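Below is one structure; the comments refer to it alone.
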Amino acid sequence: MPLPILNLLLGVLRLRCPICLEGKVFRGLLATRRRCEHCGYYFSRESGYFLGSVYFGYGATLFVVLAAWLVTAYVFRLESDIFVLAILIATAVAFPLWFFRYSRMLWMGLDLYLNPPVKEDFAER
């Protein structure tokens, strides 16, 4: 039975374990915890588990950079191509660093929705 979609969304937004909504998923800006300190769920189901989160990060970054270009070019009507390019490069570097944790959470939420957790996901490894 799939997990309730509301739990998954709340887990993503709050950066908490999507199973119990209590445990923190990240230790720092980029470091993912091995398992939930509250329910014991292992966040990384297998080696390379979070590789799919790159797709979320890439797509979101592409969308944000495109939106930044539209805003700078058509809303603010900036004439300097170098200034517009500098804004786009800064956006393309800063946004993925901020969005990294959310892309991992989106990947985990999608995976948990499609493949609900089993007892082995909580067992000591």
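Simple scheme: letters A, B, ... for chains in structure tokens order, numbers from 1 for residues in each chain, numbers from 1 for ligands in the order shown.
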Within 10 Å of Tyr42 in chain A, counting only C-alpha atoms, which residues qualify if same-chain residues fewer than 3 places away don't, as a ChimeraX atom specification?
-> /A:17,25,33-37,39,45-46,117,120-125
DSSP alpha helix (DSSP H) selection over chain A, as a ChimeraX atom specification = /A:5-14,53-70,81-114
Take the residues from that selection and write them out as a PDB file, in the first residue's frame, keeping C-alpha atoms.
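Okay, out06.pdb is ready:
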```pdb
ATOM      1  CA  ILE A   5       0.850  11.537  -0.577  1.00  0.00           C
ATOM      2  CA  LEU A   6       0.424  14.198   2.127  1.00  0.00           C
ATOM      3  CA  ASN A   7       3.097  12.512   4.306  1.00  0.00           C
ATOM      4  CA  LEU A   8       5.469  12.427   1.365  1.00  0.00           C
ATOM      5  CA  LEU A   9       4.886  16.101   0.522  1.00  0.00           C
ATOM      6  CA  LEU A  10       5.247  17.196   4.149  1.00  0.00           C
ATOM      7  CA  GLY A  11       8.459  15.196   4.425  1.00  0.00           C
ATOM      8  CA  VAL A  12       9.831  16.867   1.297  1.00  0.00           C
ATOM      9  CA  LEU A  13       8.924  20.395   2.383  1.00  0.00           C
ATOM     10  CA  ARG A  14      10.159  19.975   5.956  1.00  0.00           C
ATOM     11  CA  SER A  53      17.684  13.088  -7.813  1.00  0.00           C
ATOM     12  CA  VAL A  54      20.023  14.703 -10.346  1.00  0.00           C
ATOM     13  CA  TYR A  55      17.123  14.781 -12.805  1.00  0.00           C
ATOM     14  CA  PHE A  56      15.001  16.819 -10.396  1.00  0.00           C
ATOM     15  CA  GLY A  57      17.888  19.204  -9.721  1.00  0.00           C
ATOM     16  CA  TYR A  58      18.744  19.623 -13.394  1.00  0.00           C
ATOM     17  CA  GLY A  59      15.131  20.208 -14.439  1.00  0.00           C
ATOM     18  CA  ALA A  60      14.473  22.710 -11.670  1.00  0.00           C
ATOM     19  CA  THR A  61      17.721  24.568 -12.389  1.00  0.00           C
ATOM     20  CA  LEU A  62      16.912  24.742 -16.088  1.00  0.00           C
ATOM     21  CA  PHE A  63      13.463  26.129 -15.289  1.00  0.00           C
ATOM     22  CA  VAL A  64      14.812  28.727 -12.816  1.00  0.00           C
ATOM     23  CA  VAL A  65      17.598  29.912 -15.156  1.00  0.00           C
ATOM     24  CA  LEU A  66      15.114  30.219 -18.019  1.00  0.00           C
ATOM     25  CA  ALA A  67      12.760  32.192 -15.765  1.00  0.00           C
ATOM     26  CA  ALA A  68      15.656  34.431 -14.659  1.00  0.00           C
ATOM     27  CA  TRP A  69      16.549  35.093 -18.287  1.00  0.00           C
ATOM     28  CA  LEU A  70      12.944  35.996 -19.136  1.00  0.00           C
ATOM     29  CA  ASP A  81      24.433  40.998 -22.328  1.00  0.00           C
ATOM     30  CA  ILE A  82      27.364  40.610 -19.940  1.00  0.00           C
ATOM     31  CA  PHE A  83      25.243  41.655 -16.951  1.00  0.00           C
ATOM     32  CA  VAL A  84      22.432  39.281 -17.968  1.00  0.00           C
ATOM     33  CA  LEU A  85      24.953  36.475 -18.455  1.00  0.00           C
ATOM     34  CA  ALA A  86      26.473  37.164 -15.027  1.00  0.00           C
ATOM     35  CA  ILE A  87      23.020  36.937 -13.424  1.00  0.00           C
ATOM     36  CA  LEU A  88      22.283  33.685 -15.241  1.00  0.00           C
ATOM     37  CA  ILE A  89      25.621  32.132 -14.273  1.00  0.00           C
ATOM     38  CA  ALA A  90      25.146  33.158 -10.629  1.00  0.00           C
ATOM     39  CA  THR A  91      21.652  31.639 -10.690  1.00  0.00           C
ATOM     40  CA  ALA A  92      22.917  28.441 -12.341  1.00  0.00           C
ATOM     41  CA  VAL A  93      25.551  28.026  -9.615  1.00  0.00           C
ATOM     42  CA  ALA A  94      23.606  29.122  -6.511  1.00  0.00           C
ATOM     43  CA  PHE A  95      20.221  27.522  -7.159  1.00  0.00           C
ATOM     44  CA  PRO A  96      21.401  23.879  -7.424  1.00  0.00           C
ATOM     45  CA  LEU A  97      23.328  24.231  -4.168  1.00  0.00           C
ATOM     46  CA  TRP A  98      20.182  25.432  -2.407  1.00  0.00           C
ATOM     47  CA  PHE A  99      17.896  22.926  -4.165  1.00  0.00           C
ATOM     48  CA  PHE A 100      20.177  19.895  -3.624  1.00  0.00           C
ATOM     49  CA  ARG A 101      18.387  18.699  -0.487  1.00  0.00           C
ATOM     50  CA  TYR A 102      14.943  19.198  -2.001  1.00  0.00           C
ATOM     51  CA  SER A 103      15.861  17.242  -5.128  1.00  0.00           C
ATOM     52  CA  ARG A 104      16.984  14.332  -2.945  1.00  0.00           C
ATOM     53  CA  MET A 105      13.775  14.529  -0.950  1.00  0.00           C
ATOM     54  CA  LEU A 106      11.670  14.618  -4.128  1.00  0.00           C
ATOM     55  CA  TRP A 107      13.485  11.534  -5.399  1.00  0.00           C
ATOM     56  CA  MET A 108      12.976   9.725  -2.090  1.00  0.00           C
ATOM     57  CA  GLY A 109       9.302  10.701  -2.008  1.00  0.00           C
ATOM     58  CA  LEU A 110       8.709   9.485  -5.555  1.00  0.00           C
ATOM     59  CA  ASP A 111      10.518   6.225  -4.837  1.00  0.00           C
ATOM     60  CA  LEU A 112       8.570   5.637  -1.619  1.00  0.00           C
ATOM     61  CA  TYR A 113       5.301   6.359  -3.401  1.00  0.00           C
ATOM     62  CA  LEU A 114       6.070   3.891  -6.196  1.00  0.00           C
TER      63      LEU A 114
END
```
Coordinates-based distance that separates CA of Leu29 in chain A from CA of Pro4 in chain A (Å, one decimal) | 27.3 Å
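Nearest residue to Tyr49 in chain A among A:Leu78, A:Val71, A:Thr32, A:Glu22 is A:Thr32, counting only C-alpha atoms.
Here CA of His38 in chain A stands at a distance of 16.6 Å from CA of Val118 in chain A.
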